[in-house]
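Structure file upload-v5.cif (mmCIF, C-alpha atoms and all ligand atoms) follows.
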```
data_target
#
loop_
_atom_site.label_atom_id
_atom_site.label_comp_id
_atom_site.auth_asym_id
_atom_site.auth_seq_id
_atom_site.Cartn_x
_atom_site.Cartn_y
_atom_site.Cartn_z
CA MET U 671 4.50 26.69 -89.18
CA LYS U 672 7.35 24.34 -88.42
CA THR U 673 7.52 23.17 -92.02
CA LEU U 674 7.49 26.75 -93.16
CA LEU U 675 10.37 27.57 -90.86
CA ILE U 676 12.37 24.60 -92.06
CA ALA U 677 11.65 25.58 -95.65
CA ALA U 678 12.82 29.11 -94.92
CA VAL U 679 15.98 27.89 -93.26
CA THR U 680 16.83 25.48 -96.09
CA LEU U 681 16.35 28.32 -98.52
CA ILE U 682 18.47 30.84 -96.67
CA VAL U 683 21.27 28.71 -95.28
CA PRO U 684 22.93 27.81 -98.60
CA PHE U 685 23.30 31.51 -99.37
CA VAL U 686 24.60 32.54 -95.96
CA THR U 687 26.98 29.68 -95.26
CA PRO U 688 29.54 30.00 -98.07
CA ALA U 689 30.15 33.68 -97.32
CA ALA U 690 30.41 33.00 -93.59
CA HIS U 691 32.83 30.18 -94.29
CA ALA U 692 35.00 32.33 -96.49
CA ALA U 693 35.19 34.97 -93.74
CA ASP U 694 36.04 32.30 -91.15
CA ASP U 695 38.71 30.82 -93.41
CA ALA U 696 40.28 34.25 -93.85
CA MET U 697 40.32 34.79 -90.08
CA LEU U 698 41.75 31.32 -89.54
CA GLY U 699 44.57 32.04 -91.97
CA GLU U 700 45.31 35.37 -90.32
CA ALA U 701 45.19 33.89 -86.80
CA ARG U 702 47.48 31.05 -87.78
CA LYS U 703 49.98 33.49 -89.25
CA VAL U 704 49.97 35.67 -86.12
CA ALA U 705 50.26 32.68 -83.78
CA THR U 706 53.19 31.18 -85.66
CA THR U 707 55.22 34.41 -85.64
CA LEU U 708 56.23 34.28 -81.99
CA PRO U 709 57.49 30.70 -81.30
CA PRO U 710 60.40 30.61 -83.80
CA LYS U 711 61.59 34.06 -82.67
CA LEU U 712 61.43 32.99 -79.06
CA LEU U 713 63.20 29.72 -79.78
CA ALA U 714 66.05 31.55 -81.56
CA SER U 715 66.48 33.96 -78.63
CA LEU U 716 66.40 31.10 -76.14
CA GLN U 717 69.04 29.17 -78.06
CA GLU U 718 71.28 32.22 -78.30
CA GLU U 719 70.93 33.19 -74.64
CA ILE U 720 71.41 29.61 -73.38
CA LYS U 721 74.63 29.41 -75.38
CA LYS U 722 75.83 32.72 -73.90
CA SER U 723 74.77 32.45 -70.28
CA GLY U 724 73.33 29.01 -69.60
CA PRO U 725 69.67 28.07 -69.10
CA GLU U 726 69.40 30.03 -65.85
CA GLY U 727 70.60 33.13 -67.72
CA ALA U 728 67.96 32.55 -70.42
CA ILE U 729 65.01 32.62 -68.02
CA PRO U 730 64.41 36.35 -68.69
CA VAL U 731 63.85 35.46 -72.37
CA CYS U 732 60.73 33.51 -71.40
CA LYS U 733 59.79 35.84 -68.58
CA ASP U 734 60.30 39.30 -70.10
CA MET U 735 61.11 39.00 -73.77
CA ALA U 736 58.22 36.67 -74.67
CA PRO U 737 55.51 39.08 -73.43
CA LYS U 738 57.35 41.99 -75.03
CA MET U 739 57.48 40.21 -78.40
CA ALA U 740 53.80 39.30 -78.02
CA ALA U 741 52.93 42.94 -77.32
CA GLU U 742 54.85 44.06 -80.40
CA ILE U 743 53.07 41.54 -82.64
CA SER U 744 49.76 42.65 -81.10
CA GLN U 745 50.48 46.24 -81.95
CA GLN U 746 51.41 45.37 -85.52
CA THR U 747 48.46 43.07 -86.17
CA GLY U 748 45.58 44.03 -83.86
CA TRP U 749 45.44 40.49 -82.45
CA LYS U 750 45.75 39.94 -78.71
CA ILE U 751 48.33 37.25 -77.99
CA LYS U 752 49.05 35.21 -74.91
CA ARG U 753 50.48 31.87 -73.85
CA VAL U 754 48.36 29.55 -71.77
CA SER U 755 48.85 26.16 -70.15
CA LEU U 756 47.02 23.54 -68.09
CA LYS U 757 50.09 23.46 -65.81
CA VAL U 758 51.11 27.06 -65.39
CA ARG U 759 54.36 28.61 -64.39
CA ASN U 760 53.22 32.23 -64.39
CA GLU U 761 49.82 32.33 -62.70
CA ALA U 762 49.39 36.02 -63.47
CA ARG U 763 49.54 35.51 -67.22
CA ALA U 764 48.99 31.97 -68.30
CA ILE U 765 45.83 30.58 -66.71
CA PRO U 766 43.49 29.53 -69.56
CA ASP U 767 39.86 30.62 -69.69
CA GLU U 768 37.09 28.05 -70.28
CA TRP U 769 37.44 28.05 -74.06
CA GLU U 770 41.25 27.74 -73.95
CA LYS U 771 41.08 25.06 -71.28
CA ALA U 772 38.69 22.93 -73.34
CA ALA U 773 40.96 23.30 -76.39
CA LEU U 774 44.07 22.33 -74.39
CA GLU U 775 42.33 19.27 -72.96
CA ASP U 776 41.24 18.27 -76.45
CA PHE U 777 44.83 18.73 -77.73
CA ASP U 778 46.17 16.44 -74.99
CA LYS U 779 43.60 13.78 -75.88
CA ARG U 780 44.35 13.98 -79.59
CA ALA U 781 48.12 13.87 -79.01
CA ALA U 782 47.67 10.82 -76.77
CA ALA U 783 45.68 9.22 -79.60
CA GLY U 784 48.60 9.73 -81.97
CA GLU U 785 48.06 13.08 -83.68
CA SER U 786 51.18 15.18 -84.18
CA PRO U 787 51.24 17.89 -81.47
CA ALA U 788 52.70 20.43 -83.89
CA GLN U 789 49.56 20.19 -86.05
CA LEU U 790 47.04 20.77 -83.27
CA GLU U 791 45.05 23.98 -83.57
CA LYS U 792 41.56 25.31 -83.13
CA GLY U 793 39.93 28.40 -84.59
CA GLU U 794 36.41 29.55 -83.92
CA LYS U 795 34.17 32.57 -84.09
CA ILE U 796 32.86 33.22 -80.59
CA GLY U 797 30.38 36.05 -80.21
CA ASN U 798 31.97 39.11 -81.81
CA GLU U 799 35.48 37.71 -81.71
CA TYR U 800 37.60 35.25 -83.63
CA ARG U 801 39.66 33.03 -81.36
CA TYR U 802 42.48 30.66 -82.20
CA VAL U 803 44.84 28.43 -80.23
CA LYS U 804 47.85 26.49 -81.42
CA ALA U 805 49.63 23.82 -79.38
CA LEU U 806 53.24 24.34 -78.28
CA PRO U 807 54.98 20.97 -78.24
CA VAL U 808 57.88 20.30 -75.88
CA GLN U 809 61.18 20.15 -77.74
CA PRO U 810 64.51 18.94 -76.30
CA LEU U 811 65.60 22.52 -75.52
CA CYS U 812 62.49 23.17 -73.40
CA LEU U 813 63.49 20.40 -70.97
CA GLN U 814 66.21 22.59 -69.45
CA CYS U 815 63.45 24.60 -67.79
CA HIS U 816 60.34 22.40 -68.11
CA GLY U 817 61.77 18.87 -67.79
CA PRO U 818 61.52 16.61 -64.74
CA ALA U 819 62.44 18.59 -61.61
CA ASP U 820 65.27 16.21 -60.71
CA GLN U 821 66.87 16.84 -64.10
CA LEU U 822 66.94 20.65 -63.92
CA SER U 823 70.28 22.25 -63.09
CA PRO U 824 70.57 23.55 -59.52
CA ALA U 825 70.92 27.12 -60.86
CA VAL U 826 67.70 26.86 -62.92
CA LYS U 827 65.86 25.29 -60.00
CA SER U 828 66.96 28.05 -57.68
CA VAL U 829 65.91 30.92 -60.00
CA LEU U 830 62.59 29.28 -60.88
CA GLY U 831 61.90 28.60 -57.19
CA LYS U 832 62.35 32.27 -56.36
CA LEU U 833 60.35 33.66 -59.28
CA TYR U 834 57.56 31.08 -59.36
CA PRO U 835 56.94 29.53 -55.94
CA ASN U 836 53.86 27.67 -57.28
CA ASP U 837 55.48 26.50 -60.52
CA GLN U 838 53.60 23.58 -62.06
CA ALA U 839 55.42 23.65 -65.38
CA THR U 840 58.05 20.96 -64.84
CA GLY U 841 57.97 17.21 -65.42
CA TYR U 842 57.41 17.38 -69.17
CA SER U 843 58.94 15.12 -71.79
CA VAL U 844 59.60 15.73 -75.49
CA GLY U 845 56.46 15.58 -77.63
CA GLN U 846 54.05 16.51 -74.86
CA ILE U 847 52.09 19.73 -75.12
CA ARG U 848 53.48 22.47 -72.90
CA GLY U 849 50.64 24.86 -73.62
CA ALA U 850 49.35 26.96 -76.45
CA ILE U 851 49.61 30.31 -78.12
CA SER U 852 46.20 31.90 -77.90
CA VAL U 853 45.19 34.79 -80.16
CA ARG U 854 41.93 36.72 -80.49
CA LYS U 855 40.57 39.65 -82.43
CA PRO U 856 37.22 41.44 -82.51
CA LEU U 857 35.37 40.83 -85.77
C1 LIG Z 1 65.51 29.13 -70.01
C2 LIG Z 1 64.36 28.51 -69.42
C3 LIG Z 1 63.20 28.16 -70.32
C4 LIG Z 1 63.24 27.44 -71.49
C5 LIG Z 1 64.44 26.84 -72.18
C6 LIG Z 1 61.85 27.35 -71.92
N1 LIG Z 1 61.03 27.99 -71.05
FE1 LIG Z 1 59.01 28.14 -71.18
N2 LIG Z 1 58.97 29.31 -69.56
C7 LIG Z 1 60.07 29.67 -68.81
C8 LIG Z 1 59.66 30.66 -67.84
C9 LIG Z 1 60.58 31.35 -66.84
C10 LIG Z 1 58.30 30.87 -68.02
C11 LIG Z 1 57.38 31.84 -67.29
C12 LIG Z 1 57.27 33.11 -68.13
C13 LIG Z 1 56.44 34.20 -67.50
O1 LIG Z 1 56.76 34.63 -66.39
O2 LIG Z 1 55.45 34.60 -68.15
C14 LIG Z 1 57.89 30.02 -69.11
C15 LIG Z 1 56.61 29.96 -69.60
C16 LIG Z 1 56.22 29.21 -70.68
C17 LIG Z 1 54.87 29.19 -71.19
C18 LIG Z 1 53.69 30.02 -70.69
C19 LIG Z 1 52.79 29.29 -69.78
C20 LIG Z 1 53.23 29.25 -68.33
O3 LIG Z 1 53.24 28.14 -67.81
O4 LIG Z 1 53.55 30.31 -67.73
C21 LIG Z 1 54.87 28.32 -72.23
C22 LIG Z 1 53.68 27.93 -73.09
C23 LIG Z 1 56.23 27.84 -72.37
N3 LIG Z 1 57.02 28.39 -71.40
C24 LIG Z 1 56.63 26.96 -73.34
C25 LIG Z 1 57.96 26.63 -73.57
C26 LIG Z 1 58.39 25.81 -74.68
C27 LIG Z 1 57.47 25.15 -75.69
C28 LIG Z 1 59.76 25.76 -74.62
C29 LIG Z 1 60.69 25.11 -75.59
C30 LIG Z 1 60.58 25.51 -76.98
C31 LIG Z 1 60.17 26.53 -73.46
N4 LIG Z 1 59.05 27.05 -72.86
C32 LIG Z 1 61.47 26.70 -73.08
C33 LIG Z 1 61.35 29.21 -68.97
C34 LIG Z 1 61.82 28.50 -70.05
#
```
As a first step, turn the structure in this file into structure tokens.
Amino acid sequence: MKTLLIAAVTLIVPFVTPAAHAADDAMLGEARKVATTLPPKLLASLQEEIKKSGPEGAIPVCKDMAPKMAAEISQQTGWKIKRVSLKVRNEARAIPDEWEKAALEDFDKRAAAGESPAQLEKGEKIGNEYRYVKALPVQPLCLQCHGPADQLSPAVKSVLGKLYPNDQATGYSVGQIRGAISVRKPL
């Protein structure tokens, strides 16, 4: 019986796998495209707003504009989009679930072992969904709001303290992983 089962599996698997792989590859490509739409837009808005009104004035870009942009991309693409982190600033939005948490922990390990943070991603079919996460590396600009607490401007510190009394998202340095963009879509 066992041998028969193995024989059946070896017969069927070669036919099933290539098609499944092709579908997964297509979803991976789509997920990657969706996930890479938001960060450059956000970065451009942050840069512009910081220039105009300082880092404290740019906080609404991360607080209000980022979720709005994510919602727009969701509407256009059908993918749900969020940002998650192991050290959250916004507890209402950014706490990772088990799958995201495991991916973020793996990203940290791989970055510590020398992999480039910008390349870190994971895509997987889970149940009836395709899920994908892509690491968001800390760049010099991010430090104005996510750097070591004693290096934030008093104005930034004051606004962040009021908006996020349990803020854990400071103390980062360039090249670390601040979090990830997480996207998902029903298959
Ligand atoms: C002007 C200040 C500011 C700058 C600059 C900034 N952030 Fe943020 N960031 C915030 C605020 C405020 C939040 C909380 C947003 C919210 O309420 O959802 C946040 C949230 C996040 C989150 C969501 C997870 C969480 O902890 O809530 C990620 C990921 C993130 N930032 C990454 C970055 C990266 C990467 C950069 C640099 C490219 C950056 N940020 C630059 C202020 C900033």
inquiry  = I need the residue nearest ligand LIG 1 (chain Z) from this list: U:Ala740, U:Ala690, U:Ala705, U:Cys812. Use only C-alpha atoms and all ligand atoms for the distance.
reply    =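 Ranking U:Ala740, U:Ala690, U:Ala705, U:Cys812 by distance to ligand LIG 1 (chain Z), first place goes to U:Cys812.
Separating atom CA of U:Lys752 from atom C18 of ligand LIG 1 (chain Z) is a distance of 8.1 Å.
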Separation of atom CA of U:Pro710 from atom CA of U:Pro824 in Å =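 Computed distance, atom CA of U:Pro824 to atom CA of U:Pro710, equals 27.3 Å.
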Counting all atoms listed in the file, which residues of stretch 692-793 of chain U fall within 9 Å of stretch 798-811 of chain U, and what is the closest atom pair for each with its distance in Å at one decimal, ordered by chain and rising number, as JSON lines?
```
{"residue": "U:Asp694", "atom": "CA", "partner": "U:Tyr800", "partner_atom": "CA", "distance": 8.2}
{"residue": "U:Met697", "atom": "CA", "partner": "U:Tyr800", "partner_atom": "CA", "distance": 7.0}
{"residue": "U:Leu698", "atom": "CA", "partner": "U:Tyr802", "partner_atom": "CA", "distance": 7.4}
{"residue": "U:Ala701", "atom": "CA", "partner": "U:Tyr802", "partner_atom": "CA", "distance": 6.2}
{"residue": "U:Arg702", "atom": "CA", "partner": "U:Tyr802", "partner_atom": "CA", "distance": 7.5}
{"residue": "U:Ala705", "atom": "CA", "partner": "U:Lys804", "partner_atom": "CA", "distance": 7.0}
{"residue": "U:Thr706", "atom": "CA", "partner": "U:Lys804", "partner_atom": "CA", "distance": 8.3}
{"residue": "U:Pro709", "atom": "CA", "partner": "U:Leu806", "partner_atom": "CA", "distance": 8.2}
{"residue": "U:Leu713", "atom": "CA", "partner": "U:Leu811", "partner_atom": "CA", "distance": 8.7}
{"residue": "U:Leu716", "atom": "CA", "partner": "U:Leu811", "partner_atom": "CA", "distance": 8.6}
{"residue": "U:Gln717", "atom": "CA", "partner": "U:Leu811", "partner_atom": "CA", "distance": 7.9}
{"residue": "U:Glu770", "atom": "CA", "partner": "U:Val803", "partner_atom": "CA", "distance": 7.3}
{"residue": "U:Ala773", "atom": "CA", "partner": "U:Val803", "partner_atom": "CA", "distance": 7.5}
{"residue": "U:Leu774", "atom": "CA", "partner": "U:Ala805", "partner_atom": "CA", "distance": 7.6}
{"residue": "U:Phe777", "atom": "CA", "partner": "U:Ala805", "partner_atom": "CA", "distance": 7.2}
{"residue": "U:Pro787", "atom": "CA", "partner": "U:Pro807", "partner_atom": "CA", "distance": 5.8}
{"residue": "U:Ala788", "atom": "CA", "partner": "U:Pro807", "partner_atom": "CA", "distance": 6.1}
{"residue": "U:Gln789", "atom": "CA", "partner": "U:Ala805", "partner_atom": "CA", "distance": 7.6}
{"residue": "U:Leu790", "atom": "CA", "partner": "U:Ala805", "partner_atom": "CA", "distance": 5.6}
{"residue": "U:Glu791", "atom": "CA", "partner": "U:Lys804", "partner_atom": "CA", "distance": 4.3}
{"residue": "U:Lys792", "atom": "CA", "partner": "U:Val803", "partner_atom": "CA", "distance": 5.4}
{"residue": "U:Gly793", "atom": "CA", "partner": "U:Tyr802", "partner_atom": "CA", "distance": 4.2}
```
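With all atoms listed in the file as the basis for measurement, U:Ile847 is the residue among U:Met739, U:Leu708, U:Ile847, U:Ala692 that approaches ligand LIG 1 (chain Z) most closely.
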Expected selection as a VMD selection string for ligand LIG 1 (chain Z) within 7 Å, all atoms listed in the file = chain U and resid 713 716 720 725 to 734 737 753 to 755 757 to 761 763 to 764 806 to 809 811 to 816 830 839 848 to 851
message = Around the point (57.8, 15.9, -70.3) (coordinates from the file), which residues reach within 8 Å if we count all atoms listed in the file? Answer as an NGL selection string.
response = :U and (808 or 813 or 816-818 or 840-846)
message = Under the rule that all atoms listed in the file are counted, which of U:Val704, U:Ala696, U:Ala762, U:Asp767 is the nearest residue to U:Gln745?
response = U:Val704
request  = Enter the distance from atom CA of U:Arg780 to atom CA of U:His691, in Å, rounded to one decimal.
outcome  =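 Interatomic distance, atom CA of U:Arg780 to atom CA of U:His691: 24.7 Å.
Among the candidate residues U:Lys722, U:Trp749, U:Ala772, U:Leu756, the one lying nearest to U:Gln838 is U:Leu756, with distances computed using all atoms listed in the file.
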Draw an axis-aligned box tight on the listed atoms of stretch 727-740 of chain U, then pad every side by 3 Å and write out centre and edge lengths in Å to one decimal as lines of an AutoDock Vina configuration file.
```
center_x = 62.2
center_y = 37.3
center_z = -73.1
size_x = 22.8
size_y = 15.4
size_z = 16.7
```
